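Asker: Just one file: model15.pdb, with PDB, C-alpha atoms.
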```
ATOM      1  CA  GLY A   1       0.000   0.000   0.000  1.00  0.00           C
ATOM      2  CA  ALA A   2       0.908   3.652  -0.268  1.00  0.00           C
ATOM      3  CA  VAL A   3       3.279   4.971   2.358  1.00  0.00           C
ATOM      4  CA  VAL A   4       3.590   8.447   3.759  1.00  0.00           C
ATOM      5  CA  SER A   5       6.442   9.309   6.069  1.00  0.00           C
ATOM      6  CA  GLN A   6       7.049  12.223   8.396  1.00  0.00           C
ATOM      7  CA  HIS A   7      10.271  13.530   9.807  1.00  0.00           C
ATOM      8  CA  PRO A   8      11.038  14.046  12.567  1.00  0.00           C
ATOM      9  CA  SER A   9       8.736  11.805  14.552  1.00  0.00           C
ATOM     10  CA  ARG A  10       9.360  13.815  17.681  1.00  0.00           C
ATOM     11  CA  VAL A  11      10.927  17.197  18.302  1.00  0.00           C
ATOM     12  CA  ILE A  12      11.539  19.306  21.377  1.00  0.00           C
ATOM     13  CA  CYS A  13      12.486  22.920  20.908  1.00  0.00           C
ATOM     14  CA  LYS A  14      12.827  26.126  22.840  1.00  0.00           C
ATOM     15  CA  SER A  15      10.211  28.832  22.673  1.00  0.00           C
ATOM     16  CA  GLY A  16      10.921  31.271  19.851  1.00  0.00           C
ATOM     17  CA  THR A  17      12.653  28.842  17.549  1.00  0.00           C
ATOM     18  CA  SER A  18      11.307  27.548  14.245  1.00  0.00           C
ATOM     19  CA  VAL A  19      10.675  23.915  13.525  1.00  0.00           C
ATOM     20  CA  LYS A  20      10.348  22.258  10.124  1.00  0.00           C
ATOM     21  CA  ILE A  21       8.371  19.069   9.654  1.00  0.00           C
ATOM     22  CA  GLU A  22       8.630  17.049   6.458  1.00  0.00           C
ATOM     23  CA  CYS A  23       5.937  14.927   4.868  1.00  0.00           C
ATOM     24  CA  ARG A  24       6.907  12.575   2.064  1.00  0.00           C
ATOM     25  CA  SER A  25       4.925  10.257  -0.138  1.00  0.00           C
ATOM     26  CA  LEU A  26       7.338   7.387  -0.590  1.00  0.00           C
ATOM     27  CA  ASP A  27       5.947   5.410  -3.474  1.00  0.00           C
ATOM     28  CA  PHE A  28       3.585   7.757  -5.246  1.00  0.00           C
ATOM     29  CA  GLN A  29       3.319  11.343  -6.368  1.00  0.00           C
ATOM     30  CA  ALA A  30       0.905  13.606  -4.541  1.00  0.00           C
ATOM     31  CA  THR A  31      -0.183  16.929  -5.950  1.00  0.00           C
ATOM     32  CA  THR A  32      -2.220  17.501  -2.813  1.00  0.00           C
ATOM     33  CA  MET A  33      -1.230  16.968   0.782  1.00  0.00           C
ATOM     34  CA  PHE A  34      -2.968  18.007   3.966  1.00  0.00           C
ATOM     35  CA  TRP A  35      -1.714  19.096   7.352  1.00  0.00           C
ATOM     36  CA  TYR A  36      -3.652  18.360  10.521  1.00  0.00           C
ATOM     37  CA  ARG A  37      -3.068  19.215  14.161  1.00  0.00           C
ATOM     38  CA  GLN A  38      -4.250  17.120  17.061  1.00  0.00           C
ATOM     39  CA  PHE A  39      -4.192  18.217  20.689  1.00  0.00           C
ATOM     40  CA  PRO A  40      -4.176  15.553  23.416  1.00  0.00           C
ATOM     41  CA  LYS A  41      -7.384  13.564  23.582  1.00  0.00           C
ATOM     42  CA  GLN A  42      -8.930  15.661  20.841  1.00  0.00           C
ATOM     43  CA  SER A  43      -9.729  15.096  17.202  1.00  0.00           C
ATOM     44  CA  LEU A  44      -7.702  16.024  14.155  1.00  0.00           C
ATOM     45  CA  MET A  45      -8.227  19.538  12.921  1.00  0.00           C
ATOM     46  CA  LEU A  46      -7.437  20.341   9.316  1.00  0.00           C
ATOM     47  CA  MET A  47      -4.943  23.187   9.182  1.00  0.00           C
ATOM     48  CA  ALA A  48      -4.246  23.595   5.506  1.00  0.00           C
ATOM     49  CA  THR A  49      -4.240  22.052   2.068  1.00  0.00           C
ATOM     50  CA  SER A  50      -0.830  21.931   0.447  1.00  0.00           C
ATOM     51  CA  ASN A  51      -0.829  22.108  -3.340  1.00  0.00           C
ATOM     52  CA  GLU A  52       2.263  21.318  -5.380  1.00  0.00           C
ATOM     53  CA  GLY A  53       3.509  24.384  -7.187  1.00  0.00           C
ATOM     54  CA  SER A  54       1.040  26.822  -5.663  1.00  0.00           C
ATOM     55  CA  LYS A  55       0.187  28.479  -2.389  1.00  0.00           C
ATOM     56  CA  ALA A  56      -1.353  26.485   0.403  1.00  0.00           C
ATOM     57  CA  THR A  57      -4.981  26.972   1.360  1.00  0.00           C
ATOM     58  CA  TYR A  58      -5.407  27.596   5.063  1.00  0.00           C
ATOM     59  CA  GLU A  59      -8.457  26.809   7.155  1.00  0.00           C
ATOM     60  CA  GLN A  60     -10.143  29.566   9.069  1.00  0.00           C
ATOM     61  CA  GLY A  61      -8.269  30.517  12.199  1.00  0.00           C
ATOM     62  CA  VAL A  62      -4.915  29.116  11.068  1.00  0.00           C
ATOM     63  CA  GLU A  63      -2.223  31.779  10.730  1.00  0.00           C
ATOM     64  CA  LYS A  64      -0.444  31.357   7.429  1.00  0.00           C
ATOM     65  CA  ASP A  65       2.538  33.405   8.583  1.00  0.00           C
ATOM     66  CA  LYS A  66       2.858  31.203  11.635  1.00  0.00           C
ATOM     67  CA  PHE A  67       2.559  27.884   9.832  1.00  0.00           C
ATOM     68  CA  LEU A  68       4.514  28.082   6.595  1.00  0.00           C
ATOM     69  CA  ILE A  69       3.783  25.366   4.074  1.00  0.00           C
ATOM     70  CA  ASN A  70       5.918  24.559   1.074  1.00  0.00           C
ATOM     71  CA  HIS A  71       5.052  21.871  -1.466  1.00  0.00           C
ATOM     72  CA  ALA A  72       8.005  22.139  -3.783  1.00  0.00           C
ATOM     73  CA  SER A  73       7.829  18.678  -5.285  1.00  0.00           C
ATOM     74  CA  LEU A  74       5.280  15.965  -5.927  1.00  0.00           C
ATOM     75  CA  THR A  75       6.598  13.891  -3.049  1.00  0.00           C
ATOM     76  CA  LEU A  76       7.423  16.446  -0.382  1.00  0.00           C
ATOM     77  CA  SER A  77       5.513  19.002   1.639  1.00  0.00           C
ATOM     78  CA  THR A  78       6.998  20.844   4.586  1.00  0.00           C
ATOM     79  CA  LEU A  79       5.343  22.595   7.488  1.00  0.00           C
ATOM     80  CA  THR A  80       7.418  25.150   9.354  1.00  0.00           C
ATOM     81  CA  VAL A  81       6.161  26.335  12.719  1.00  0.00           C
ATOM     82  CA  THR A  82       7.752  29.746  13.047  1.00  0.00           C
ATOM     83  CA  SER A  83       8.619  31.295  16.398  1.00  0.00           C
ATOM     84  CA  ALA A  84       7.111  28.352  18.182  1.00  0.00           C
ATOM     85  CA  HIS A  85       5.449  28.827  21.558  1.00  0.00           C
ATOM     86  CA  PRO A  86       4.312  26.286  24.152  1.00  0.00           C
ATOM     87  CA  GLU A  87       0.737  26.501  22.881  1.00  0.00           C
ATOM     88  CA  ASP A  88       1.973  25.171  19.528  1.00  0.00           C
ATOM     89  CA  SER A  89       2.875  21.901  21.223  1.00  0.00           C
ATOM     90  CA  SER A  90       0.775  19.301  19.476  1.00  0.00           C
ATOM     91  CA  PHE A  91       0.720  16.227  17.278  1.00  0.00           C
ATOM     92  CA  TYR A  92       1.034  17.237  13.620  1.00  0.00           C
ATOM     93  CA  ILE A  93      -0.152  14.760  11.009  1.00  0.00           C
ATOM     94  CA  CYS A  94       0.065  15.004   7.258  1.00  0.00           C
ATOM     95  CA  SER A  95      -1.763  13.076   4.591  1.00  0.00           C
ATOM     96  CA  ALA A  96      -1.322  12.681   0.865  1.00  0.00           C
ATOM     97  CA  ILE A  97      -3.875  11.970  -1.792  1.00  0.00           C
ATOM     98  CA  ARG A  98      -3.438   9.155  -4.242  1.00  0.00           C
ATOM     99  CA  GLY A  99      -5.739   8.058  -7.011  1.00  0.00           C
ATOM    100  CA  LEU A 100      -7.900   9.342  -9.794  1.00  0.00           C
ATOM    101  CA  ALA A 101     -10.448  12.084  -9.313  1.00  0.00           C
ATOM    102  CA  GLY A 102     -13.490  10.675  -7.583  1.00  0.00           C
ATOM    103  CA  GLN A 103     -11.520   7.685  -6.332  1.00  0.00           C
ATOM    104  CA  GLU A 104      -8.925   9.413  -4.231  1.00  0.00           C
ATOM    105  CA  THR A 105      -7.681   7.883  -1.029  1.00  0.00           C
ATOM    106  CA  GLN A 106      -5.878   9.769   1.682  1.00  0.00           C
ATOM    107  CA  TYR A 107      -2.851   8.142   3.201  1.00  0.00           C
ATOM    108  CA  PHE A 108      -1.753   9.457   6.564  1.00  0.00           C
ATOM    109  CA  GLY A 109       1.725   9.881   7.915  1.00  0.00           C
ATOM    110  CA  PRO A 110       2.636   8.577  11.380  1.00  0.00           C
ATOM    111  CA  GLY A 111       2.627  12.063  12.872  1.00  0.00           C
ATOM    112  CA  THR A 112       5.182  14.391  14.453  1.00  0.00           C
ATOM    113  CA  ARG A 113       4.964  15.217  18.127  1.00  0.00           C
ATOM    114  CA  LEU A 114       6.141  18.764  18.828  1.00  0.00           C
ATOM    115  CA  LEU A 115       6.926  19.938  22.328  1.00  0.00           C
ATOM    116  CA  VAL A 116       7.835  23.583  22.776  1.00  0.00           C
ATOM    117  CA  LEU A 117       9.457  24.417  26.097  1.00  0.00           C
TER     118      LEU A 117
ATOM    119  CA  SER B   1     -16.962  24.497  11.951  1.00  0.00           C
ATOM    120  CA  GLN B   2     -17.398  21.498   9.718  1.00  0.00           C
ATOM    121  CA  GLN B   3     -16.258  19.133  12.377  1.00  0.00           C
ATOM    122  CA  GLY B   4     -18.667  16.299  13.011  1.00  0.00           C
ATOM    123  CA  GLU B   5     -19.664  14.990  16.373  1.00  0.00           C
ATOM    124  CA  GLU B   6     -19.427  11.491  17.686  1.00  0.00           C
ATOM    125  CA  ASP B   7     -21.093   9.760  20.539  1.00  0.00           C
ATOM    126  CA  PRO B   8     -20.431   8.387  22.916  1.00  0.00           C
ATOM    127  CA  GLN B   9     -17.209  10.222  23.720  1.00  0.00           C
ATOM    128  CA  ALA B  10     -16.050   7.165  25.603  1.00  0.00           C
ATOM    129  CA  LEU B  11     -17.210   3.567  25.636  1.00  0.00           C
ATOM    130  CA  SER B  12     -16.067   0.719  27.837  1.00  0.00           C
ATOM    131  CA  ILE B  13     -17.181  -2.853  27.115  1.00  0.00           C
ATOM    132  CA  GLN B  14     -16.217  -6.415  27.883  1.00  0.00           C
ATOM    133  CA  GLU B  15     -14.356  -8.503  25.353  1.00  0.00           C
ATOM    134  CA  GLY B  16     -16.790 -10.312  23.088  1.00  0.00           C
ATOM    135  CA  GLU B  17     -19.466  -7.628  23.268  1.00  0.00           C
ATOM    136  CA  ASN B  18     -20.397  -5.409  20.352  1.00  0.00           C
ATOM    137  CA  ALA B  19     -19.454  -1.744  20.230  1.00  0.00           C
ATOM    138  CA  THR B  20     -21.495   0.888  18.432  1.00  0.00           C
ATOM    139  CA  MET B  21     -20.285   4.402  17.731  1.00  0.00           C
ATOM    140  CA  ASN B  22     -22.302   7.140  16.089  1.00  0.00           C
ATOM    141  CA  CYS B  23     -21.253  10.090  13.995  1.00  0.00           C
ATOM    142  CA  SER B  24     -23.265  13.119  12.942  1.00  0.00           C
ATOM    143  CA  TYR B  25     -22.175  15.696  10.423  1.00  0.00           C
ATOM    144  CA  LYS B  26     -23.425  18.975   9.071  1.00  0.00           C
ATOM    145  CA  THR B  27     -22.918  19.316   5.333  1.00  0.00           C
ATOM    146  CA  SER B  28     -23.601  17.259   2.236  1.00  0.00           C
ATOM    147  CA  ILE B  29     -20.926  14.667   1.675  1.00  0.00           C
ATOM    148  CA  ASN B  30     -19.273  12.696  -1.076  1.00  0.00           C
ATOM    149  CA  ASN B  31     -18.184   9.992   1.328  1.00  0.00           C
ATOM    150  CA  LEU B  32     -17.654   9.243   4.993  1.00  0.00           C
ATOM    151  CA  GLN B  33     -14.692   7.356   6.372  1.00  0.00           C
ATOM    152  CA  TRP B  34     -13.884   5.717   9.681  1.00  0.00           C
ATOM    153  CA  TYR B  35     -10.408   5.651  11.170  1.00  0.00           C
ATOM    154  CA  ARG B  36      -8.793   4.105  14.210  1.00  0.00           C
ATOM    155  CA  GLN B  37      -5.994   5.686  16.199  1.00  0.00           C
ATOM    156  CA  ASN B  38      -4.071   3.943  18.923  1.00  0.00           C
ATOM    157  CA  SER B  39      -2.813   6.223  21.665  1.00  0.00           C
ATOM    158  CA  GLY B  40      -0.233   8.662  20.330  1.00  0.00           C
ATOM    159  CA  ARG B  41      -0.036   6.919  16.986  1.00  0.00           C
ATOM    160  CA  GLY B  42      -1.026   7.589  13.400  1.00  0.00           C
ATOM    161  CA  LEU B  43      -4.365   6.862  11.801  1.00  0.00           C
ATOM    162  CA  VAL B  44      -5.478   3.565  10.372  1.00  0.00           C
ATOM    163  CA  HIS B  45      -8.118   3.716   7.655  1.00  0.00           C
ATOM    164  CA  LEU B  46     -10.921   1.267   8.397  1.00  0.00           C
ATOM    165  CA  ILE B  47     -13.680   1.730   5.886  1.00  0.00           C
ATOM    166  CA  LEU B  48     -15.128   4.215   3.399  1.00  0.00           C
ATOM    167  CA  ILE B  49     -18.811   4.506   2.585  1.00  0.00           C
ATOM    168  CA  ARG B  50     -20.037   6.644  -0.280  1.00  0.00           C
ATOM    169  CA  SER B  51     -23.039   8.916  -0.106  1.00  0.00           C
ATOM    170  CA  ASN B  52     -25.086   6.593  -2.307  1.00  0.00           C
ATOM    171  CA  GLU B  53     -24.392   3.589  -0.094  1.00  0.00           C
ATOM    172  CA  ARG B  54     -26.372   2.702   3.016  1.00  0.00           C
ATOM    173  CA  GLU B  55     -24.351  -0.091   4.561  1.00  0.00           C
ATOM    174  CA  LYS B  56     -20.928  -1.588   4.213  1.00  0.00           C
ATOM    175  CA  HIS B  57     -19.134  -4.493   5.863  1.00  0.00           C
ATOM    176  CA  SER B  58     -15.497  -5.287   6.386  1.00  0.00           C
ATOM    177  CA  GLY B  59     -14.658  -8.234   8.606  1.00  0.00           C
ATOM    178  CA  ARG B  60     -16.066  -7.488  12.072  1.00  0.00           C
ATOM    179  CA  LEU B  61     -16.921  -3.919  11.055  1.00  0.00           C
ATOM    180  CA  ARG B  62     -20.304  -2.761   9.874  1.00  0.00           C
ATOM    181  CA  VAL B  63     -20.915   0.830   8.832  1.00  0.00           C
ATOM    182  CA  THR B  64     -24.242   2.420   8.073  1.00  0.00           C
ATOM    183  CA  LEU B  65     -24.942   5.792   6.524  1.00  0.00           C
ATOM    184  CA  ASP B  66     -28.172   7.790   6.635  1.00  0.00           C
ATOM    185  CA  THR B  67     -27.713  10.899   4.522  1.00  0.00           C
ATOM    186  CA  SER B  68     -31.198  12.163   5.350  1.00  0.00           C
ATOM    187  CA  LYS B  69     -30.223  12.321   9.010  1.00  0.00           C
ATOM    188  CA  LYS B  70     -26.589  13.167   8.256  1.00  0.00           C
ATOM    189  CA  SER B  71     -25.415  10.367  10.465  1.00  0.00           C
ATOM    190  CA  SER B  72     -23.355   7.216  10.365  1.00  0.00           C
ATOM    191  CA  SER B  73     -22.657   4.394  12.758  1.00  0.00           C
ATOM    192  CA  LEU B  74     -19.754   2.004  13.177  1.00  0.00           C
ATOM    193  CA  LEU B  75     -20.434  -1.382  14.725  1.00  0.00           C
ATOM    194  CA  ILE B  76     -17.584  -3.599  15.858  1.00  0.00           C
ATOM    195  CA  THR B  77     -18.807  -7.105  16.573  1.00  0.00           C
ATOM    196  CA  ALA B  78     -17.214  -9.601  18.949  1.00  0.00           C
ATOM    197  CA  SER B  79     -14.794  -6.991  20.263  1.00  0.00           C
ATOM    198  CA  ARG B  80     -11.261  -7.851  21.302  1.00  0.00           C
ATOM    199  CA  ALA B  81      -8.859  -6.158  23.687  1.00  0.00           C
ATOM    200  CA  ALA B  82      -6.798  -5.145  20.647  1.00  0.00           C
ATOM    201  CA  ASP B  83      -9.736  -3.035  19.439  1.00  0.00           C
ATOM    202  CA  THR B  84      -9.025  -0.595  22.266  1.00  0.00           C
ATOM    203  CA  ALA B  85      -8.361   2.714  20.508  1.00  0.00           C
ATOM    204  CA  SER B  86      -9.956   5.998  19.510  1.00  0.00           C
ATOM    205  CA  TYR B  87     -12.278   5.872  16.537  1.00  0.00           C
ATOM    206  CA  PHE B  88     -12.953   8.851  14.295  1.00  0.00           C
ATOM    207  CA  CYS B  89     -15.371   9.457  11.487  1.00  0.00           C
ATOM    208  CA  ALA B  90     -14.309  11.846   8.756  1.00  0.00           C
ATOM    209  CA  THR B  91     -16.367  13.383   5.994  1.00  0.00           C
ATOM    210  CA  MET B  92     -15.396  14.469   2.520  1.00  0.00           C
ATOM    211  CA  GLY B  93     -17.666  17.122   1.111  1.00  0.00           C
ATOM    212  CA  VAL B  94     -19.127  17.214  -2.366  1.00  0.00           C
ATOM    213  CA  GLY B  95     -16.498  18.459  -4.804  1.00  0.00           C
ATOM    214  CA  ALA B  96     -13.856  18.481  -2.081  1.00  0.00           C
ATOM    215  CA  ASN B  97     -10.865  16.311  -1.410  1.00  0.00           C
ATOM    216  CA  ASN B  98     -10.176  17.243   2.198  1.00  0.00           C
ATOM    217  CA  LEU B  99     -11.488  15.499   5.274  1.00  0.00           C
ATOM    218  CA  PHE B 100     -13.137  16.878   8.373  1.00  0.00           C
ATOM    219  CA  PHE B 101     -12.888  14.676  11.397  1.00  0.00           C
ATOM    220  CA  GLY B 102     -15.435  14.020  14.089  1.00  0.00           C
ATOM    221  CA  THR B 103     -14.704  14.445  17.759  1.00  0.00           C
ATOM    222  CA  GLY B 104     -13.916  10.762  18.228  1.00  0.00           C
ATOM    223  CA  THR B 105     -14.975   7.910  20.475  1.00  0.00           C
ATOM    224  CA  ARG B 106     -12.530   6.409  22.910  1.00  0.00           C
ATOM    225  CA  LEU B 107     -13.202   2.655  23.060  1.00  0.00           C
ATOM    226  CA  THR B 108     -11.849   0.464  25.829  1.00  0.00           C
ATOM    227  CA  VAL B 109     -12.327  -3.287  25.552  1.00  0.00           C
ATOM    228  CA  ILE B 110     -11.760  -5.045  28.851  1.00  0.00           C
ATOM    229  CA  PRO B 111     -10.263  -8.546  28.577  1.00  0.00           C
TER     230      PRO B 111
END
```
Please re-express this file's structure in structure tokens.
Answerer:
Amino acid sequence: GAVVSQHPSRVICKSGTSVKIECRSLDFQATTMFWYRQFPKQSLMLMATSNEGSKATYEQGVEKDKFLINHASLTLSTLTVTSAHPEDSSFYICSAIRGLAGQETQYFGPGTRLLVL
Amino acid sequence: SQQGEEDPQALSIQEGENATMNCSYKTSINNLQWYRQNSGRGLVHLILIRSNEREKHSGRLRVTLDTSKKSSSLLITASRAADTASYFCATMGVGANNLFFGTGTRLTVIP
């Protein structure tokens, strides 16, 4: 089956620093990837849609200058949390779409746990 | 918010019993999907049901969809301790390719 990886799986950083999280589709090309955030014991919240070669589409309430998304290739999307603060500590999950229009399936990465001290 | 709601929020049953989780959503959908998530782990796709389908089976899983009520249910029969996890429904809107997740049900199966 399709595989999506994320790197790093876990990161601890100091408040004020920036953190980059990578999402890769390992055996397929994905023109569209999604970034989700999940707080402890809560559901996944869609943050943004990452489109290869164009600007990301952010959901309401998500600061685009805070969460920078780059989808420079068909197999890689990156999420950079800029000037991270403790409230940004969360589980970040990406997914990539594979398949023909109308038959797409989303494949999820294993997630990245971010802890901001 | 397009986030759906699930009930119950938490469910605790004995091994061998059936578990039923319900999901309600707000907008018209193309399909609805159910996922499982073990604590602190990634998502596992369980089953997808399209808007023109009413029921779908996969192994011990049975999913129903009632688009008139904007609701779905997931039934796990003959539960096992390994089924302990959080279960989420997620909807894909008409003409969309993104998913909106429900609030989740935390299932505990007691051996």
Asker: Distance atom CA of A:Val3-atom CA of A:Thr78, one decimal place?
Answerer: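 Distance between the two atoms: 16.5 Å.
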Asker: What are the residues of chain B that have an atom within 10 Å of an atom of chain A, counting only C-alpha atoms, as an MDAnalysis selection string?
Answerer: chainID B and resid 1:5 30 39:45 48 86:90 95:106
Asker: Distance atom CA of A:Phe39-atom CA of B:Ser73, one decimal place?
Answerer: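 Straight-line distance from atom CA of A:Phe39 to atom CA of B:Ser73 works out to 24.4 Å.
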Asker: Between atom CA of A:Thr82 and atom CA of B:Gln37, what is the distance in Å, rounded to a tenth?
Answerer: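 Distance between the two atoms: 27.9 Å.
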Asker: Care to translate the PyMOL selection byres ((chain B and resi 78) around 7) into actual residues of this file, as a list in words?
Answerer: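 Taken over the shown coordinates, the PyMOL selection byres ((chain B and resi 78) around 7) returns Gly16, Glu17, Asn18, Ile76, Thr77, Ser79 and Arg80 of chain B.
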Asker: Which residue out of B:Gln14, B:Gln33, B:Ser24, B:Thr64 has the minimum interatomic distance to B:Ala82 when only C-alpha atoms are used?
Answerer: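 The shortest atom-to-atom distance to B:Ala82 comes from B:Gln14.
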Asker: Which residues would end up in the selection if the PyMOL selection byres ((chain A and resi 7) around 9) were applied here, given that I need the answer as a ChimeraX atom specification?
Answerer: /A:5-6,8-10,20-24,111-112
Asker: Deliver the residues from the most recent selection as a file, using C-alpha atoms, as a PDB file, in the frame of the given file.
Answerer:
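And here is the file that came out, out38.pdb:
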```
ATOM      1  CA  SER A   5       6.442   9.309   6.069  1.00  0.00           C
ATOM      2  CA  GLN A   6       7.049  12.223   8.396  1.00  0.00           C
ATOM      3  CA  PRO A   8      11.038  14.046  12.567  1.00  0.00           C
ATOM      4  CA  SER A   9       8.736  11.805  14.552  1.00  0.00           C
ATOM      5  CA  ARG A  10       9.360  13.815  17.681  1.00  0.00           C
ATOM      6  CA  LYS A  20      10.348  22.258  10.124  1.00  0.00           C
ATOM      7  CA  ILE A  21       8.371  19.069   9.654  1.00  0.00           C
ATOM      8  CA  GLU A  22       8.630  17.049   6.458  1.00  0.00           C
ATOM      9  CA  CYS A  23       5.937  14.927   4.868  1.00  0.00           C
ATOM     10  CA  ARG A  24       6.907  12.575   2.064  1.00  0.00           C
ATOM     11  CA  GLY A 111       2.627  12.063  12.872  1.00  0.00           C
ATOM     12  CA  THR A 112       5.182  14.391  14.453  1.00  0.00           C
TER      13      THR A 112
END
```
Asker: Written as a JSON list (two decimals) with C-alpha atoms, in the frame of the given file, which residues does the PyMOL selection byres ((chain A and resi 13-15) around 9) give for the file shown?
Answerer:
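Wrote out06.json, looks like this:
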```json
[["chain", "number", "residue", "atom", "x", "y", "z"],
["A", 11, "VAL", "CA", 10.93, 17.20, 18.30],
["A", 12, "ILE", "CA", 11.54, 19.31, 21.38],
["A", 16, "GLY", "CA", 10.92, 31.27, 19.85],
["A", 17, "THR", "CA", 12.65, 28.84, 17.55],
["A", 18, "SER", "CA", 11.31, 27.55, 14.24],
["A", 19, "VAL", "CA", 10.68, 23.92, 13.52],
["A", 83, "SER", "CA", 8.62, 31.30, 16.40],
["A", 84, "ALA", "CA", 7.11, 28.35, 18.18],
["A", 85, "HIS", "CA", 5.45, 28.83, 21.56],
["A", 86, "PRO", "CA", 4.31, 26.29, 24.15],
["A", 114, "LEU", "CA", 6.14, 18.76, 18.83],
["A", 115, "LEU", "CA", 6.93, 19.94, 22.33],
["A", 116, "VAL", "CA", 7.84, 23.58, 22.78],
["A", 117, "LEU", "CA", 9.46, 24.42, 26.10]]
```
